[in-house]
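Asker: So here's start18.cif (mmCIF, C-alpha atoms and all ligand atoms).
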```cif
data_work
loop_
_atom_site.label_atom_id
_atom_site.label_comp_id
_atom_site.auth_asym_id
_atom_site.auth_seq_id
_atom_site.Cartn_x
_atom_site.Cartn_y
_atom_site.Cartn_z
CA MET A 1 0.00 0.00 0.00
CA LYS A 2 1.38 3.41 -1.00
CA ILE A 3 0.73 6.06 1.63
CA LEU A 4 1.56 9.71 0.97
CA SER A 5 1.09 13.06 2.67
CA GLY A 6 2.66 16.51 2.72
CA ILE A 7 2.93 19.47 5.04
CA GLN A 8 3.46 23.16 4.36
CA PRO A 9 6.58 24.79 5.81
CA SER A 10 4.65 28.01 6.30
CA GLY A 11 5.28 28.40 10.04
CA LYS A 12 6.14 26.38 13.13
CA LEU A 13 4.48 22.96 13.08
CA HIS A 14 1.90 22.54 15.82
CA ILE A 15 0.14 19.83 17.78
CA GLY A 16 -2.77 19.89 15.28
CA ASN A 17 -0.32 18.94 12.52
CA TYR A 18 1.20 16.30 14.78
CA PHE A 19 -2.01 14.50 15.75
CA GLY A 20 -3.81 15.23 12.46
CA MET A 21 -1.11 13.91 10.19
CA MET A 22 2.53 13.52 11.33
CA LYS A 23 1.93 10.89 14.02
CA THR A 24 -0.11 8.75 11.64
CA MET A 25 2.50 9.00 8.92
CA ILE A 26 5.30 8.03 11.29
CA SER A 27 3.26 5.04 12.47
CA HIS A 28 3.08 3.70 8.88
CA MET A 29 6.86 3.56 8.47
CA ASP A 30 7.20 -0.18 8.97
CA ASN A 31 4.12 -1.46 7.19
CA SER A 32 3.84 0.48 3.93
CA ASP A 33 5.52 2.20 1.03
CA LEU A 34 5.57 5.64 2.64
CA TYR A 35 5.98 9.07 0.98
CA VAL A 36 6.39 12.13 3.19
CA PHE A 37 7.21 15.55 1.80
CA ILE A 38 7.44 19.21 2.63
CA VAL A 39 5.31 21.22 0.25
CA ASP A 40 7.29 24.42 -0.21
CA LEU A 41 5.58 25.25 -3.53
CA HIS A 42 2.26 25.28 -1.70
CA ALA A 43 3.71 27.40 1.09
CA LEU A 44 4.65 30.02 -1.53
CA THR A 45 0.94 30.84 -1.75
CA SER A 46 1.15 32.43 1.70
CA VAL A 47 4.85 33.04 2.45
CA HIS A 48 6.66 35.72 0.45
CA ASP A 49 9.74 35.93 2.60
CA ARG A 50 12.88 34.08 1.47
CA GLU A 51 14.34 33.55 4.94
CA LYS A 52 11.06 32.42 6.40
CA LEU A 53 10.50 29.84 3.68
CA CYS A 54 14.07 28.45 3.77
CA THR A 55 14.05 28.23 7.56
CA GLY A 56 10.53 26.81 7.62
CA THR A 57 11.53 24.05 5.18
CA LEU A 58 14.61 22.97 7.16
CA GLU A 59 12.70 23.18 10.41
CA ALA A 60 9.81 21.10 9.13
CA ALA A 61 12.33 18.47 8.00
CA ALA A 62 14.03 18.53 11.42
CA ASP A 63 10.62 18.24 13.10
CA PHE A 64 9.69 15.10 11.20
CA LEU A 65 13.04 13.43 11.81
CA ALA A 66 13.12 14.43 15.48
CA LEU A 67 9.63 13.00 15.96
CA GLY A 68 10.83 9.64 14.69
CA LEU A 69 10.55 9.54 10.90
CA ASP A 70 13.36 7.35 9.59
CA PRO A 71 14.42 8.52 6.09
CA GLU A 72 15.74 5.03 5.33
CA LYS A 73 12.28 3.54 5.83
CA CYS A 74 10.39 6.00 3.61
CA THR A 75 10.80 8.52 0.82
CA PHE A 76 11.21 11.93 2.44
CA TRP A 77 11.85 15.04 0.34
CA VAL A 78 11.06 18.66 -0.44
CA GLN A 79 8.35 19.11 -3.10
CA SER A 80 10.22 21.65 -5.27
CA ASP A 81 13.21 19.30 -5.63
CA VAL A 82 11.03 17.21 -7.97
CA PRO A 83 10.00 19.75 -10.64
CA GLU A 84 7.97 17.15 -12.58
CA VAL A 85 5.08 17.95 -10.26
CA CYS A 86 4.62 21.37 -11.88
CA GLU A 87 4.31 19.91 -15.37
CA LEU A 88 1.76 17.39 -14.16
CA ALA A 89 -0.17 20.16 -12.36
CA TRP A 90 -0.42 22.09 -15.64
CA ILE A 91 -1.63 19.07 -17.58
CA LEU A 92 -4.22 18.29 -14.88
CA SER A 93 -5.36 21.91 -14.77
CA THR A 94 -6.39 21.71 -18.41
CA LEU A 95 -9.07 19.19 -17.52
CA THR A 96 -10.09 20.57 -14.15
CA PRO A 97 -13.55 22.18 -14.37
CA MET A 98 -13.71 25.77 -13.07
CA GLY A 99 -16.83 24.85 -11.11
CA LEU A 100 -14.91 22.23 -9.14
CA MET A 101 -12.33 24.84 -8.13
CA GLU A 102 -14.90 27.49 -7.34
CA ARG A 103 -16.54 25.19 -4.82
CA CYS A 104 -13.34 24.83 -2.75
CA HIS A 105 -13.91 26.51 0.62
CA SER A 106 -10.24 26.58 1.65
CA TYR A 107 -9.53 29.35 -0.92
CA LYS A 108 -12.37 31.51 0.39
CA ASP A 109 -11.42 30.83 4.02
CA LYS A 110 -7.80 31.79 3.44
CA VAL A 111 -8.71 35.00 1.60
CA ALA A 112 -11.10 35.87 4.44
CA LYS A 113 -8.16 35.41 6.84
CA GLY A 114 -6.09 37.95 4.91
CA ILE A 115 -4.00 35.76 2.55
CA ASP A 116 -3.63 37.45 -0.87
CA ALA A 117 -6.11 36.16 -3.44
CA SER A 118 -3.50 34.98 -5.99
CA HIS A 119 -3.97 32.60 -8.89
CA GLY A 120 -1.62 30.16 -7.10
CA LEU A 121 -3.84 30.14 -4.03
CA PHE A 122 -6.88 29.46 -6.21
CA SER A 123 -5.24 26.63 -8.14
CA TYR A 124 -3.61 25.15 -4.98
CA PRO A 125 -5.81 22.00 -5.09
CA VAL A 126 -4.61 21.13 -8.63
CA LEU A 127 -0.98 21.17 -7.49
CA MET A 128 -2.01 19.03 -4.53
CA ALA A 129 -3.74 16.57 -6.90
CA ALA A 130 -0.52 16.45 -8.93
CA ASP A 131 1.44 15.69 -5.74
CA ILE A 132 -0.75 12.72 -5.01
CA LEU A 133 -1.23 11.35 -8.53
CA LEU A 134 2.43 11.68 -9.54
CA TYR A 135 3.33 9.01 -6.97
CA GLN A 136 0.22 6.89 -7.53
CA ALA A 137 -0.70 7.02 -3.84
CA ASP A 138 -3.42 4.68 -2.57
CA GLN A 139 -4.04 6.44 0.71
CA VAL A 140 -3.55 10.00 1.96
CA PRO A 141 -3.66 10.61 5.76
CA VAL A 142 -4.79 14.19 6.45
CA GLY A 143 -6.83 16.26 8.88
CA LYS A 144 -10.49 16.92 8.11
CA ASP A 145 -9.73 20.34 6.59
CA GLN A 146 -8.13 18.56 3.62
CA LYS A 147 -11.10 16.31 2.82
CA GLN A 148 -12.38 18.52 0.03
CA HIS A 149 -8.92 18.74 -1.54
CA LEU A 150 -8.80 14.95 -1.58
CA GLU A 151 -12.16 14.88 -3.33
CA VAL A 152 -10.75 17.23 -5.96
CA ALA A 153 -7.77 14.91 -6.47
CA ARG A 154 -10.12 11.95 -6.83
CA ASP A 155 -12.33 13.83 -9.33
CA ILE A 156 -9.36 14.89 -11.42
CA SER A 157 -7.88 11.38 -11.49
CA GLN A 158 -11.21 9.90 -12.57
CA LYS A 159 -11.66 12.55 -15.24
CA PHE A 160 -8.17 11.88 -16.60
CA ASN A 161 -8.67 8.12 -16.60
CA ALA A 162 -11.98 8.52 -18.42
CA ALA A 163 -10.48 10.83 -21.05
CA PHE A 164 -7.14 9.09 -21.69
CA GLY A 165 -7.46 5.55 -20.34
CA GLU A 166 -6.56 4.05 -16.93
CA THR A 167 -3.50 5.99 -15.80
CA PHE A 168 -3.89 7.08 -12.21
CA VAL A 169 -4.71 5.30 -8.97
CA VAL A 170 -7.79 6.99 -7.48
CA PRO A 171 -6.56 8.01 -3.99
CA GLU A 172 -8.47 7.50 -0.73
CA PRO A 173 -8.35 9.99 2.14
CA ALA A 174 -7.54 8.58 5.60
CA ILE A 175 -8.95 10.83 8.31
CA SER A 176 -8.72 9.64 11.89
CA LYS A 177 -11.90 10.25 13.87
CA GLN A 178 -10.41 11.42 17.17
CA THR A 179 -7.93 13.84 15.67
CA ALA A 180 -9.79 15.02 12.56
CA THR A 181 -9.75 18.58 13.88
CA VAL A 182 -7.55 19.54 16.81
CA PRO A 183 -8.87 22.83 18.23
CA GLY A 184 -6.66 25.88 18.61
CA LEU A 185 -6.27 28.20 21.60
CA ASP A 186 -9.43 30.05 20.56
CA GLY A 187 -11.49 26.91 19.90
CA GLN A 188 -11.35 27.23 16.08
CA LYS A 189 -9.31 24.68 14.10
CA MET A 190 -5.66 25.00 15.14
CA SER A 191 -3.84 26.42 12.12
CA LYS A 192 -0.58 28.18 11.30
CA SER A 193 -2.53 30.75 9.36
CA TYR A 194 -4.92 31.53 12.25
CA GLY A 195 -2.27 32.37 14.88
CA ASN A 196 -3.91 30.06 17.43
CA THR A 197 -1.39 27.24 17.64
CA ILE A 198 0.68 25.44 20.23
CA PRO A 199 3.93 24.73 18.36
CA ILE A 200 5.19 21.19 18.98
CA PHE A 201 8.63 22.27 20.13
CA LEU A 202 7.73 25.22 22.30
CA GLU A 203 8.97 24.99 25.89
CA GLY A 204 9.31 26.84 29.18
CA LYS A 205 7.57 30.16 29.69
CA ALA A 206 6.48 30.51 26.06
CA LEU A 207 4.69 27.14 26.21
CA LYS A 208 3.11 28.02 29.55
CA LYS A 209 1.79 31.29 28.15
CA LYS A 210 0.11 29.47 25.27
CA VAL A 211 -1.42 26.70 27.38
CA MET A 212 -2.75 29.13 29.99
CA SER A 213 -4.40 31.15 27.20
CA ILE A 214 -6.58 28.25 25.98
CA ALA A 215 -10.08 29.71 25.84
CA THR A 216 -12.56 28.24 28.35
CA ASP A 217 -16.02 29.36 29.47
CA ALA A 218 -16.89 31.08 32.76
CA THR A 219 -18.72 28.15 34.40
CA PRO A 220 -17.75 27.93 38.12
CA VAL A 221 -15.54 24.97 39.15
CA GLU A 222 -18.31 23.13 41.04
CA ASP A 223 -20.86 23.30 38.19
CA PRO A 224 -21.24 20.41 35.72
CA LYS A 225 -19.83 21.01 32.24
CA ASP A 226 -20.01 19.18 28.92
CA PRO A 227 -16.49 17.75 28.32
CA ASP A 228 -17.14 17.24 24.63
CA LYS A 229 -17.79 20.95 24.12
CA CYS A 230 -14.60 22.03 25.88
CA ASN A 231 -11.51 22.52 23.71
CA LEU A 232 -9.26 22.26 26.78
CA PHE A 233 -10.62 18.74 27.38
CA GLN A 234 -10.12 17.85 23.71
CA MET A 235 -6.44 18.80 23.97
CA PHE A 236 -6.16 17.05 27.33
CA GLN A 237 -7.37 13.82 25.74
CA LEU A 238 -4.54 13.87 23.21
CA PHE A 239 -1.89 13.59 25.91
CA ALA A 240 -3.42 11.96 29.01
CA ALA A 241 -3.55 8.25 29.84
CA PRO A 242 -6.99 6.60 29.35
CA ALA A 243 -7.70 6.25 33.12
CA ARG A 244 -6.93 9.93 33.76
CA ILE A 245 -9.12 10.96 30.82
CA GLU A 246 -12.06 9.09 32.35
CA GLU A 247 -11.39 10.61 35.77
CA VAL A 248 -11.36 14.13 34.37
CA ARG A 249 -14.43 13.41 32.23
CA GLY A 250 -16.18 12.54 35.50
CA LEU A 251 -15.15 15.87 37.01
CA TYR A 252 -16.63 17.69 34.04
CA ILE A 253 -19.92 15.83 34.21
CA ASN A 254 -20.34 15.91 38.00
CA GLY A 255 -18.69 19.23 38.76
CA GLY A 256 -15.19 19.89 40.09
CA ALA A 257 -13.19 20.42 36.90
CA ALA A 258 -10.92 23.41 37.57
CA TYR A 259 -9.63 24.78 34.27
CA GLY A 260 -6.52 26.37 35.78
CA TYR A 261 -5.29 23.08 37.30
CA LEU A 262 -6.11 21.11 34.16
CA LYS A 263 -4.12 23.60 32.09
CA LEU A 264 -1.08 23.14 34.34
CA GLU A 265 -1.42 19.37 34.05
CA LEU A 266 -1.70 19.68 30.27
CA LEU A 267 1.39 21.90 30.24
CA ASP A 268 3.46 19.23 32.00
CA MET A 269 2.16 16.51 29.70
CA ILE A 270 3.04 18.46 26.53
CA SER A 271 6.42 19.33 27.91
CA ASP A 272 7.24 15.69 28.74
CA TYR A 273 5.68 14.21 25.62
CA TYR A 274 8.06 16.08 23.29
CA ALA A 275 11.14 16.26 25.56
CA GLU A 276 13.19 13.71 23.62
CA ALA A 277 12.11 15.08 20.21
CA ARG A 278 13.04 18.61 21.30
CA ARG A 279 16.58 17.47 22.02
CA LYS A 280 16.86 15.64 18.70
CA LYS A 281 15.50 18.60 16.75
CA ALA A 282 18.24 20.84 18.14
CA GLU A 283 20.82 18.29 16.95
CA TYR A 284 19.41 18.22 13.41
CA LEU A 285 19.23 22.00 13.18
CA ALA A 286 22.81 22.31 14.35
CA ASP A 287 23.87 20.38 11.23
CA PRO A 288 21.83 21.71 8.27
CA GLU A 289 24.17 20.12 5.69
CA THR A 290 23.27 16.64 6.91
CA LEU A 291 19.62 17.64 6.81
CA ARG A 292 19.96 18.87 3.22
CA ALA A 293 21.77 15.66 2.22
CA ILE A 294 18.92 13.55 3.65
CA LEU A 295 16.37 15.60 1.72
CA ARG A 296 18.32 15.49 -1.57
CA LYS A 297 18.67 11.72 -1.31
CA GLY A 298 14.92 11.50 -0.74
CA ALA A 299 14.26 13.74 -3.73
CA ASP A 300 16.36 11.49 -5.98
CA ARG A 301 14.29 8.53 -4.88
CA ALA A 302 10.99 10.40 -5.35
CA ARG A 303 12.07 11.63 -8.75
CA GLU A 304 12.69 8.11 -10.01
CA LYS A 305 9.00 7.40 -9.45
CA ALA A 306 7.84 10.80 -10.70
CA VAL A 307 9.48 10.53 -14.12
CA VAL A 308 7.81 7.17 -14.78
CA THR A 309 4.32 8.57 -14.16
CA LEU A 310 4.99 11.78 -16.03
CA ASP A 311 6.34 9.91 -19.03
CA LEU A 312 3.17 7.82 -19.18
CA VAL A 313 1.00 10.94 -18.83
CA ARG A 314 2.90 12.79 -21.55
CA ASP A 315 2.37 9.81 -23.82
CA ARG A 316 -1.33 9.49 -22.99
CA VAL A 317 -2.17 13.14 -23.70
CA GLY A 318 -0.06 13.46 -26.88
CA LEU A 319 3.00 15.34 -25.71
CA LYS A 320 5.31 12.59 -27.01
CA TYR A 321 5.04 13.32 -30.73
P1 LIG A 401 -1.99 24.59 8.82
O1 LIG A 401 -3.48 24.66 8.68
O2 LIG A 401 -1.56 24.79 10.21
O3 LIG A 401 -1.25 25.47 7.83
P2 LIG A 401 -1.27 22.45 7.06
O4 LIG A 401 -2.27 22.98 6.10
O5 LIG A 401 0.17 22.53 6.65
O6 LIG A 401 -1.53 23.14 8.47
O7 LIG A 401 -1.62 20.95 7.42
C1 LIG A 401 -0.73 19.86 7.44
C2 LIG A 401 -1.49 18.63 7.86
O8 LIG A 401 -1.93 18.76 9.22
C3 LIG A 401 -2.76 18.38 7.04
O9 LIG A 401 -2.94 17.00 6.88
C4 LIG A 401 -3.85 18.97 7.88
O10 LIG A 401 -5.09 18.39 7.62
C5 LIG A 401 -3.34 18.62 9.27
N1 LIG A 401 -3.86 19.59 10.23
C6 LIG A 401 -3.62 20.92 10.28
N2 LIG A 401 -4.26 21.50 11.29
C7 LIG A 401 -4.94 20.51 11.92
C8 LIG A 401 -5.82 20.46 13.05
N3 LIG A 401 -6.07 21.57 13.73
N4 LIG A 401 -6.34 19.29 13.40
C9 LIG A 401 -6.06 18.15 12.71
N5 LIG A 401 -5.26 18.12 11.63
C10 LIG A 401 -4.70 19.28 11.23
N1 LIG A 402 -2.78 21.00 1.31
C1 LIG A 402 -2.15 20.25 2.34
C2 LIG A 402 -2.30 21.05 3.65
O1 LIG A 402 -2.42 22.25 3.65
C3 LIG A 402 -0.70 20.03 2.08
C4 LIG A 402 -0.48 19.16 0.89
C5 LIG A 402 0.04 19.54 -0.30
C6 LIG A 402 -0.76 17.77 0.82
N2 LIG A 402 0.11 18.47 -1.13
C7 LIG A 402 -0.37 17.36 -0.48
C8 LIG A 402 -1.30 16.86 1.70
C9 LIG A 402 -0.52 16.05 -0.89
C10 LIG A 402 -1.44 15.54 1.29
C11 LIG A 402 -1.05 15.14 -0.01
O2 LIG A 402 -2.26 20.46 4.67
#
```
Let's see the structure in the file written out as structure tokens.
Answerer:
Amino acid sequence: MKILSGIQPSGKLHIGNYFGMMKTMISHMDNSDLYVFIVDLHALTSVHDREKLCTGTLEAAADFLALGLDPEKCTFWVQSDVPEVCELAWILSTLTPMGLMERCHSYKDKVAKGIDASHGLFSYPVLMAADILLYQADQVPVGKDQKQHLEVARDISQKFNAAFGETFVVPEPAISKQTATVPGLDGQKMSKSYGNTIPIFLEGKALKKKVMSIATDATPVEDPKDPDKCNLFQMFQLFAAPARIEEVRGLYINGGAAYGYLKLELLDMISDYYAEARRKKAEYLADPETLRAILRKGADRAREKAVVTLDLVRDRVGLKY
């Protein structure tokens, strides 16, 4: 089974990215043909700052490796190091109906949040379809926010197959129920572009400030509360042991859940959970040349697959005259 997913290096990776996608990808390392990449071409739709993009790309790579991704057990690369994806995106765009693109809510959401309404941002889902189809992925683990983009990729692959003969695998999304949408500090979806994240590798005072600012309601401690409507409890569940989760759920339902104490407990859990990864990340970042070498080796491996698909596509559509 070929499993593939990508992440934008558009800011510090956060616990929503970790539980929504990275953790799942890392868990597939031993049982599948795994493709993990950093989508810098996609990040260009929102980052127009050279330093920020370069640093973000290296940091995202260090994050994945520090969290346990083994580059020998998967193909791990930076999207723009395999330029074939851009040619495939163009070919796919010529059979992508405008109506399909106009229905994509992510474009409208991002523009509403202040990201410039560029053509690249609008056609973002076609490049994402090219990412997936170029490697003939069977399954794509993502958070719920990417479901519609996966549907676009499926539509485009089916359209292409119908027009030019069976060429692409039609990919399936894999969205885990418990972590489909990790809430942010304000209760909306946690997202780099919404400024409401808890970065994975934050520590000390900065981490404490974030955790203590998780929005909660004004219900007094002794009153009963609905745990499933509380974003603090949702984050708590990601880190706590099952028995403790049940205990705290009881406090919510019967009264006695004190938000301040739960936040401090959550703070300790986050801090411990990533302690080892934090140390490893610092080691990777201290040696960017090794990091670049790992990524280039991954790109060579990815490219070997990419050229095979692109050659077939060029032939199918009539570009090999
Ligand atoms: P962001 O929205 O922070 O820019 P990305 O778009 O780069 O994050 O997302 C990378 C991966 O992480 C995607 O699979 C996405 O669905 C997942 N993801 C992002 N935010 C969340 C979240 N809050 N909850 C669950 N998954 C998420
Ligand atoms: N659009 C995805 C996101 O914002 C990132 C992405 C780009 C991706 N290409 C992909 C995810 C291919 C999965 C497969 O999270």
Asker: List as a PDB file with C-alpha atoms, in the frame of the given file: which residues have an atom within 12 Å of (2.8, 13.8, 31.1), counting only C-alpha atoms?
Answerer:
```pdb
ATOM      1  CA  PHE A 236      -6.160  17.050  27.330  1.00  0.00           C
ATOM      2  CA  GLN A 237      -7.370  13.820  25.740  1.00  0.00           C
ATOM      3  CA  LEU A 238      -4.540  13.870  23.210  1.00  0.00           C
ATOM      4  CA  PHE A 239      -1.890  13.590  25.910  1.00  0.00           C
ATOM      5  CA  ALA A 240      -3.420  11.960  29.010  1.00  0.00           C
ATOM      6  CA  ALA A 241      -3.550   8.250  29.840  1.00  0.00           C
ATOM      7  CA  ARG A 244      -6.930   9.930  33.760  1.00  0.00           C
ATOM      8  CA  LEU A 262      -6.110  21.110  34.160  1.00  0.00           C
ATOM      9  CA  LEU A 264      -1.080  23.140  34.340  1.00  0.00           C
ATOM     10  CA  GLU A 265      -1.420  19.370  34.050  1.00  0.00           C
ATOM     11  CA  LEU A 266      -1.700  19.680  30.270  1.00  0.00           C
ATOM     12  CA  LEU A 267       1.390  21.900  30.240  1.00  0.00           C
ATOM     13  CA  ASP A 268       3.460  19.230  32.000  1.00  0.00           C
ATOM     14  CA  MET A 269       2.160  16.510  29.700  1.00  0.00           C
ATOM     15  CA  ILE A 270       3.040  18.460  26.530  1.00  0.00           C
ATOM     16  CA  SER A 271       6.420  19.330  27.910  1.00  0.00           C
ATOM     17  CA  ASP A 272       7.240  15.690  28.740  1.00  0.00           C
ATOM     18  CA  TYR A 273       5.680  14.210  25.620  1.00  0.00           C
ATOM     19  CA  TYR A 274       8.060  16.080  23.290  1.00  0.00           C
ATOM     20  CA  ALA A 275      11.140  16.260  25.560  1.00  0.00           C
TER      21      ALA A 275
END
```
Asker: CA of Ser32 (chain A) to atom N2 of ligand LIG 402 (chain A): how many Å, to one decimal?
Answerer: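 Distance reported for this atom pair: 19.1 Å.
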Asker: Just checking: using all atoms listed in the file, which residue out of A:Ser193, A:Ser176, A:Thr167, A:Ser93 ends up closest to ligand LIG 402 (chain A)?
Answerer: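 Checking each of A:Ser193, A:Ser176, A:Thr167, A:Ser93 against ligand LIG 402 (chain A), counting all atoms listed in the file, the winner is A:Ser193.
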Asker: What is the atom C2 of ligand LIG 402 (chain A) to CA of Pro171 (chain A) distance in Å?
Answerer: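 Pair atom C2 of ligand LIG 402 (chain A) / CA of Pro171 (chain A) returns 15.7 Å.
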Asker: Name the residues within 6 Å of (-0.7, 27.8, 20.4), counting all atoms listed in the file in the file's coordinates, and put them as a PyMOL selection string.
Answerer: chain A and resi 185+196-199+210
Asker: Counting all atoms listed in the file, figure out which residue out of A:Tyr259, A:Phe168, A:Tyr321, A:Phe233 gets nearest to Ala129 (chain A).
Answerer: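 So, comparing all the options, the nearest one is A:Phe168.
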Asker: Return as a ChimeraX atom specification every polymer residue, whether protein, DNA or RNA, with at least one atom no more than 8 Å from an atom of ligand LIG 402 (chain A); count only C-alpha atoms and all ligand atoms.
Answerer: /A:4-8,38-39,42,124-125,127-129,131-132,140-143,145-146,149-150
Asker: Residues as selected, C-alpha atoms, written as a compact mmCIF listing (two decimals), in the coordinates of the input, can you do that?
Answerer:
```txt
# COMPACT_ATOMS: atom_id res chain seq x y z
CA LEU A 4 1.56 9.71 0.97
CA SER A 5 1.09 13.06 2.67
CA GLY A 6 2.66 16.51 2.72
CA ILE A 7 2.93 19.47 5.04
CA GLN A 8 3.46 23.16 4.36
CA ILE A 38 7.44 19.21 2.63
CA VAL A 39 5.31 21.22 0.25
CA HIS A 42 2.26 25.28 -1.70
CA TYR A 124 -3.61 25.15 -4.98
CA PRO A 125 -5.81 22.00 -5.09
CA LEU A 127 -0.98 21.17 -7.49
CA MET A 128 -2.01 19.03 -4.53
CA ALA A 129 -3.74 16.57 -6.90
CA ASP A 131 1.44 15.69 -5.74
CA ILE A 132 -0.75 12.72 -5.01
CA VAL A 140 -3.55 10.00 1.96
CA PRO A 141 -3.66 10.61 5.76
CA VAL A 142 -4.79 14.19 6.45
CA GLY A 143 -6.83 16.26 8.88
CA ASP A 145 -9.73 20.34 6.59
CA GLN A 146 -8.13 18.56 3.62
CA HIS A 149 -8.92 18.74 -1.54
CA LEU A 150 -8.80 14.95 -1.58
```
Asker: If you take only C-alpha atoms and all ligand atoms and a cut-off of 7 Å, which residues of chain A touch ligand LIG 401 (chain A), and what are their nearest atom pairs and distances in Å to one decimal, in chain and number order, as a Markdown table?
Answerer:
```
| residue | atom | partner | partner_atom | distance |
| --- | --- | --- | --- | --- |
| A:Gly6 | CA | A:LIG401 | C1 | 6.7 |
| A:Ile7 | CA | A:LIG401 | C1 | 4.4 |
| A:Gln8 | CA | A:LIG401 | O5 | 4.1 |
| A:Pro9 | CA | A:LIG401 | O5 | 6.8 |
| A:Ser10 | CA | A:LIG401 | O3 | 6.6 |
| A:Leu13 | CA | A:LIG401 | O2 | 6.9 |
| A:His14 | CA | A:LIG401 | O2 | 7.0 |
| A:Gly16 | CA | A:LIG401 | C8 | 3.8 |
| A:Asn17 | CA | A:LIG401 | O8 | 3.7 |
| A:Tyr18 | CA | A:LIG401 | O8 | 6.8 |
| A:Phe19 | CA | A:LIG401 | C9 | 6.2 |
| A:Gly20 | CA | A:LIG401 | N5 | 3.3 |
| A:Met21 | CA | A:LIG401 | O9 | 4.9 |
| A:Pro141 | CA | A:LIG401 | O9 | 6.5 |
| A:Val142 | CA | A:LIG401 | O9 | 3.4 |
| A:Gly143 | CA | A:LIG401 | O10 | 3.0 |
| A:Lys144 | CA | A:LIG401 | O10 | 5.6 |
| A:Asp145 | CA | A:LIG401 | O10 | 5.1 |
| A:Gln146 | CA | A:LIG401 | O10 | 5.0 |
| A:Thr179 | CA | A:LIG401 | C9 | 5.6 |
| A:Ala180 | CA | A:LIG401 | C9 | 4.9 |
| A:Thr181 | CA | A:LIG401 | N4 | 3.5 |
| A:Val182 | CA | A:LIG401 | N4 | 3.6 |
| A:Pro183 | CA | A:LIG401 | N3 | 5.4 |
| A:Gly184 | CA | A:LIG401 | N3 | 6.5 |
| A:Lys189 | CA | A:LIG401 | N3 | 4.5 |
| A:Met190 | CA | A:LIG401 | N3 | 3.7 |
| A:Ser191 | CA | A:LIG401 | O2 | 3.4 |
| A:Lys192 | CA | A:LIG401 | O2 | 3.7 |
| A:Ser193 | CA | A:LIG401 | O3 | 5.6 |
```
Asker: Pick the closest to Glu247 (chain A) from A:Glu87, A:Pro227, A:Gly99, A:Gly165: which is it, counting all atoms listed in the file?
Answerer: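 The closest residue to Glu247 (chain A) is A:Pro227.
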Asker: Restricting the calculation to only C-alpha atoms, which member of A:Ala61, A:Ile15, A:Leu134, A:Leu44 is positioned closest to Asp311 (chain A)?
Answerer: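 Closest to Asp311 (chain A) of all the choices is A:Leu134.
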Asker: Mind checking which residues fall within 12 Å of Arg279 (chain A), counting only C-alpha atoms, ignoring those fewer than 6 positions away in the same chain, and posting them as a PDB file with C-alpha atoms, in the frame of the given file?
Answerer:
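Dumped everything to selection31.pdb:
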```
ATOM      1  CA  ALA A  62      14.030  18.530  11.420  1.00  0.00           C
ATOM      2  CA  ASP A  63      10.620  18.240  13.100  1.00  0.00           C
ATOM      3  CA  LEU A  65      13.040  13.430  11.810  1.00  0.00           C
ATOM      4  CA  ALA A  66      13.120  14.430  15.480  1.00  0.00           C
ATOM      5  CA  LEU A  67       9.630  13.000  15.960  1.00  0.00           C
ATOM      6  CA  PHE A 201       8.630  22.270  20.130  1.00  0.00           C
ATOM      7  CA  LEU A 202       7.730  25.220  22.300  1.00  0.00           C
ATOM      8  CA  GLU A 203       8.970  24.990  25.890  1.00  0.00           C
ATOM      9  CA  SER A 271       6.420  19.330  27.910  1.00  0.00           C
ATOM     10  CA  ASP A 272       7.240  15.690  28.740  1.00  0.00           C
ATOM     11  CA  TYR A 273       5.680  14.210  25.620  1.00  0.00           C
ATOM     12  CA  LEU A 285      19.230  22.000  13.180  1.00  0.00           C
ATOM     13  CA  ALA A 286      22.810  22.310  14.350  1.00  0.00           C
TER      14      ALA A 286
END
```
Asker: Looking at A:Glu222, A:Gly187, A:Glu289, A:Ser123, which one is nearest to Ala89 (chain A), with distances taken over all atoms listed in the file?
Answerer: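 Of A:Glu222, A:Gly187, A:Glu289, A:Ser123, the one nearest Ala89 (chain A) is A:Ser123, counting all atoms listed in the file.
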Asker: Could you jot down the CA of Arg316 (chain A) to CA of Thr94 (chain A) separation for me, Å, one decimal place?
Answerer: 14.0 Å
Asker: Let me make sure I understand: among A:Leu88, A:Arg292, A:Val82, A:Gly255, which one has the smallest atom-to-atom distance to Asp223 (chain A) if we use only C-alpha atoms?
Answerer: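 Using only C-alpha atoms, Asp223 (chain A) sits closest to A:Gly255.
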Asker: Contacts of Thr216 (chain A) at 8 Å or less, counting all atoms listed in the file, minus same-chain residues fewer than 6 places along, as a compact mmCIF listing (two decimals) with C-alpha atoms, keeping the file's coordinate frame?
Answerer:
```
# COMPACT_ATOMS: atom_id res chain seq x y z
CA CYS A 230 -14.60 22.03 25.88
CA ASN A 231 -11.51 22.52 23.71
CA LEU A 232 -9.26 22.26 26.78
CA TYR A 259 -9.63 24.78 34.27
```
Asker: Determine, counting only C-alpha atoms, which protein, DNA and RNA residues have an atom within 10 Å of an atom of Ala299 (chain A); residues of the same chain fewer than 2 positions away are not included. Present the result as a ChimeraX atom specification.
Answerer: /A:37,75-82,293-297,301-304,306
